[in-house]
Amino acid sequence: MTRERSNHDHQFKHVLMDIGRYWQIYLFLLPALIYVVIFHYVPMYGVQIAFKNYNPFKGMLASEWAGMKYFHQFFESYYFKTIIINTVRISLMAIVFSFPFPIIFALLLNELRSLRFKRFVQTVTYAPHFISTVVMCGMLTLFLAPNSGLLNQLIAFLGGKKRAFLESSTLFPWIYVLSGIWQNLGWNSILYVSTLSSVDPTLYEAARIDGASRFQKMLHVDFPALLPIIVILTILNFGQIMSVGFEKALLLQNNLNSETSELISTYVYKRGLQEAQFSFSTAVGLFNSVVNFTLLLIVNSISRKVSSTSLF
Amino acid sequence: MQIKKTHIKESFEDRIFNAINILIMMLVLIIIMYPLYFIVIASFSDPVQVNAGKVLILPKGMTWEGYIRMAQNEDLWRGYVNSLIYMTGGTLISLCMTIPAAYALSNKHTHGIRVFTFIFTFTMMFNGGMIPTYLVVKNLGWLNTWWILMINGGFSTYNLIVSRTFMQSIPSEVLEAAEIDGASIVQSFFRVVLPLSKPIIAVMALFYGIARWNDYFTALIYVTKQNLVPLQMVLRRILIQSETAASSISGDPESQAVLARISELMKYCVIIAASLPAMVIYPFVQKHFVKGVMLGALKG
């Protein structure tokens, strides 16, 4: 017992000595630590204004407590259901529709015989990833313009009827998701492509000896090789179901499509920064963060049980 | 790859698969390239022809009017210069936060690596939200400063982990040898780790640089002063809020219509001017980007 204790003391002393000797190493962490404290941890502390009647002149600490008032106000408001459904709808559509494309794309890319063609396809498909959200939305407003837009020209050319795409709340989620696929198909496939290039060559050989066609090899050798990454990315996606892109939604929003384009994040922005209802919008944001965090924990633990791949 | 090259004979089925595959890829290429190509040809075509749907494959009624108008737009120039400054300064600040921290987290002399890592990764899972962050920035007096435009979003835990993973791959013998030669922690960083980390620094500079150039969120939330706004905010006004030169001039309706057409044309030119730098540089650094994504996947 005493020996153990002295051993422990000894270790402790050793650690202290080590820290004393190599104290400079902690200075290297300082800039990053200061950043996360200012931009992440102080705001986490500031979340308490969700439970207060925040008054900017009194300051955060002097403002009196309001309990759950703002949460009730949110749960009872007309927007509560709408913005949650809108947010989840876009997320789910993004997962269902844009998740499989990069996988299929990578599998097909891997089957291209000409390396030069493959590289060309990669360069072209990665490029749209670098277009900024503002420019992307600008392109969408140009292409989808009611009369002169490129898409309507094509529709008219093919004998169809022109539509005001961006003014339709039924089409908004589709525009959001499809333009996302256009922009990130190539980029999101990088991980899969690089995984496929490291598949054990003997597996292909074995498959060939067994008489597998190229398509069968793709299905039975390549696809299983991608499964672990697919699982991890699915977890990540489900964990972020309540936090879809603020920037794009805000830019594409107008009065006519707001029925489906008003998301939790854009709602927080409008109520909080444009109308200065700090406490109320903080409560909405906090509700969102808590749901996100819970989802992440649930999905992670499910995946740990089912497939032994987890994030933490 | 090698095995496929030594393929002896392809079955009929495989050849059909190949043909279909190439067809699909061609289709993907067209879908991705055509909108970009259209913007290029529309940017120097007669806007009347563009709006009538006559410009689909080749430019028609060549005009440089859009580019000339664009060059005369002072807001755009100011935004462009501002964004260049924010990108340069912001990228430097980001690197100064990320790279040293990655060194500390990969160094065997650091105690409490798990605690520090948790402090960083927790910020990826939970956040205070838009409004509390806004209030912090406001109380610091950072609203409407060039500083917030350089620092906000300037540190990413994801990038930190990617850099740390890279530095962990530096053989420990190299650092030990330096230590035996009497190098301090600081000296090892500058003399050993930095030179060996050039590839990851390049990747990080690219990631942060592009993000800073494309950032409009920071300006939207924290900046109202017009002489500070970055390019993306100016673009938003021109492209999405369709602010036209016409609205400022009260002339006869005919010249109004002409001006409206020209500002429509200018939109295409603006898109090109804003995206060209990234598009031109990117193919040359593509392999770095790809490396960055793959490093991130090693330990996410």
# chains A, B, ... in the order shown; residues from 1 in each chain; ligands from 1

call {"tool": "residues_around", "arguments": {"residues": "segment 14-27 of chain A", "least_positions_apart": "6", "cutoff": "7 Å", "atoms": "only C-alpha atoms", "output": "list of chain:residue names"}}
result
B:Ala104, B:His109, B:Thr110, B:Ile185

call {"tool": "closest_atom_pairs", "arguments": {"of": "chain B", "to": "chain A", "cutoff": "7 Å", "atoms": "only C-alpha atoms", "output": "Markdown table"}}
result
| residue | atom | partner | partner_atom | distance |
| --- | --- | --- | --- | --- |
| B:Asp14 | CA | A:Arg214 | CA | 5.8 |
| B:Phe17 | CA | A:Phe215 | CA | 7.0 |
| B:Asn21 | CA | A:Leu108 | CA | 6.5 |
| B:Leu29 | CA | A:Val121 | CA | 6.8 |
| B:Ile32 | CA | A:Trp182 | CA | 6.6 |
| B:Asn51 | CA | A:Ser148 | CA | 4.6 |
| B:Ala52 | CA | A:Ser148 | CA | 6.5 |
| B:Gly53 | CA | A:Gln153 | CA | 5.6 |
| B:Met97 | CA | A:Ala32 | CA | 4.8 |
| B:Thr98 | CA | A:Ala32 | CA | 6.5 |
| B:Pro100 | CA | A:Phe28 | CA | 4.9 |
| B:Ala101 | CA | A:Leu29 | CA | 4.5 |
| B:Ala104 | CA | A:Ile25 | CA | 5.7 |
| B:His109 | CA | A:Tyr22 | CA | 6.8 |
| B:Thr110 | CA | A:Ile25 | CA | 6.7 |
| B:Thr123 | CA | A:His40 | CA | 6.3 |
| B:Met125 | CA | A:Phe293 | CA | 6.1 |
| B:Phe126 | CA | A:Ser289 | CA | 6.2 |
| B:Asn127 | CA | A:His40 | CA | 6.2 |
| B:Gly128 | CA | A:Met44 | CA | 4.2 |
| B:Gly129 | CA | A:Gly285 | CA | 5.6 |
| B:Ile131 | CA | A:Thr282 | CA | 5.8 |
| B:Pro132 | CA | A:Pro43 | CA | 4.9 |
| B:Thr133 | CA | A:Pro43 | CA | 5.0 |
| B:Val136 | CA | A:Pro43 | CA | 6.6 |
| B:Ile185 | CA | A:Ile25 | CA | 6.5 |
| B:Asn214 | CA | A:Ser132 | CA | 4.9 |
| B:Phe217 | CA | A:Glu247 | CA | 7.0 |
| B:Gln232 | CA | A:Val134 | CA | 6.5 |
| B:Leu235 | CA | A:Val134 | CA | 6.9 |
| B:Arg236 | CA | A:Val134 | CA | 6.0 |
| B:Leu239 | CA | A:Gly138 | CA | 5.0 |
| B:Ile240 | CA | A:Gly138 | CA | 5.6 |
| B:Ile271 | CA | A:Val135 | CA | 6.2 |
| B:Ser275 | CA | A:Ile131 | CA | 6.2 |
| B:Ala278 | CA | A:Phe130 | CA | 6.7 |
| B:Met279 | CA | A:Ala127 | CA | 6.7 |
| B:Pro283 | CA | A:Thr123 | CA | 6.6 |
| B:Val290 | CA | A:Ile190 | CA | 6.7 |
| B:Val293 | CA | A:Leu191 | CA | 7.0 |
| B:Met294 | CA | A:Leu191 | CA | 6.2 |

call {"tool": "select_by_dssp", "arguments": {"residues": "segment 98-133 of chain B", "states": "alpha helix (DSSP H)", "output": "ChimeraX atom specification"}}
result
/B:98-106,113-125,130-133

call {"tool": "atom_distance", "arguments": {"atom1": "atom CA of Trp174 of chain A", "atom2": "atom CA of Ile39 of chain B"}}
result
22.3 Å

call {"tool": "residues_around", "arguments": {"residues": "Ala164 of chain A", "least_positions_apart": "3", "cutoff": "7 Å", "atoms": "only C-alpha atoms", "output": "list in words"}}
result
Ala145, Pro146, Glu167 and Ser168 of chain A

call {"tool": "residues_around", "arguments": {"residues": "Met167 of chain B", "least_positions_apart": "4", "cutoff": "7 Å", "atoms": "only C-alpha atoms", "output": "number ranges by chain"}}
result
B: 103, 106, 163, 197

call {"tool": "write_last_selection", "arguments": {"atoms": "N, CA and C atoms", "output": "PDB file, in the first residue's frame"}}
result
ATOM      1  N   TYR B 103       1.512  20.272 -33.611  1.00  0.00           N
ATOM      2  CA  TYR B 103       2.830  19.837 -33.128  1.00  0.00           C
ATOM      3  C   TYR B 103       2.740  19.399 -31.672  1.00  0.00           C
ATOM      4  N   SER B 106       1.067  16.136 -31.212  1.00  0.00           N
ATOM      5  CA  SER B 106       1.754  14.956 -31.737  1.00  0.00           C
ATOM      6  C   SER B 106       3.060  14.689 -31.003  1.00  0.00           C
ATOM      7  N   SER B 163      -3.738  17.650 -39.427  1.00  0.00           N
ATOM      8  CA  SER B 163      -2.324  18.025 -39.312  1.00  0.00           C
ATOM      9  C   SER B 163      -1.610  17.186 -38.264  1.00  0.00           C
ATOM     10  N   SER B 197       6.992  19.146 -42.510  1.00  0.00           N
ATOM     11  CA  SER B 197       5.532  19.239 -42.607  1.00  0.00           C
ATOM     12  C   SER B 197       5.073  20.099 -43.767  1.00  0.00           C
TER      13      SER B 197
END

call {"tool": "atom_distance", "arguments": {"atom1": "atom CA of Leu220 of chain B", "atom2": "atom CA of Leu149 of chain B"}}
result
10.3 Å

call {"tool": "atom_distance", "arguments": {"atom1": "atom CA of Arg89 of chain A", "atom2": "atom CA of His72 of chain A"}}
result
23.6 Å

call {"tool": "residues_around", "arguments": {"residues": "Val223 of chain B", "least_positions_apart": "6", "cutoff": "8 Å", "atoms": "only C-alpha atoms", "output": "VMD selection string"}}
result
chain B and resid 143 to 145 229

call {"tool": "write_last_selection", "arguments": {"atoms": "C-alpha atoms", "output": "mmCIF file, in the first residue's frame"}}
result
data_model
loop_
_atom_site.group_PDB
_atom_site.id
_atom_site.type_symbol
_atom_site.label_atom_id
_atom_site.label_comp_id
_atom_site.auth_asym_id
_atom_site.auth_seq_id
_atom_site.Cartn_x
_atom_site.Cartn_y
_atom_site.Cartn_z
ATOM 1 C CA LEU B 143 -18.089 44.096 -34.790
ATOM 2 C CA ASN B 144 -17.205 45.955 -37.973
ATOM 3 C CA THR B 145 -13.488 45.261 -37.806
ATOM 4 C CA VAL B 229 -17.193 44.039 -46.869
#

call {"tool": "residues_around", "arguments": {"residues": "Tyr158 of chain B", "least_positions_apart": "3", "cutoff": "12 Å", "atoms": "only C-alpha atoms", "output": "number ranges by chain"}}
result
B: 98, 102, 117, 120-125, 153-155, 161-165, 204, 207-208, 292-293, 295-300

call {"tool": "closest_residue", "arguments": {"among": "A:Leu263, A:Leu250, A:Ala106, A:Ala94", "to": "Gln241 of chain B", "atoms": "only C-alpha atoms"}}
result
A:Leu250
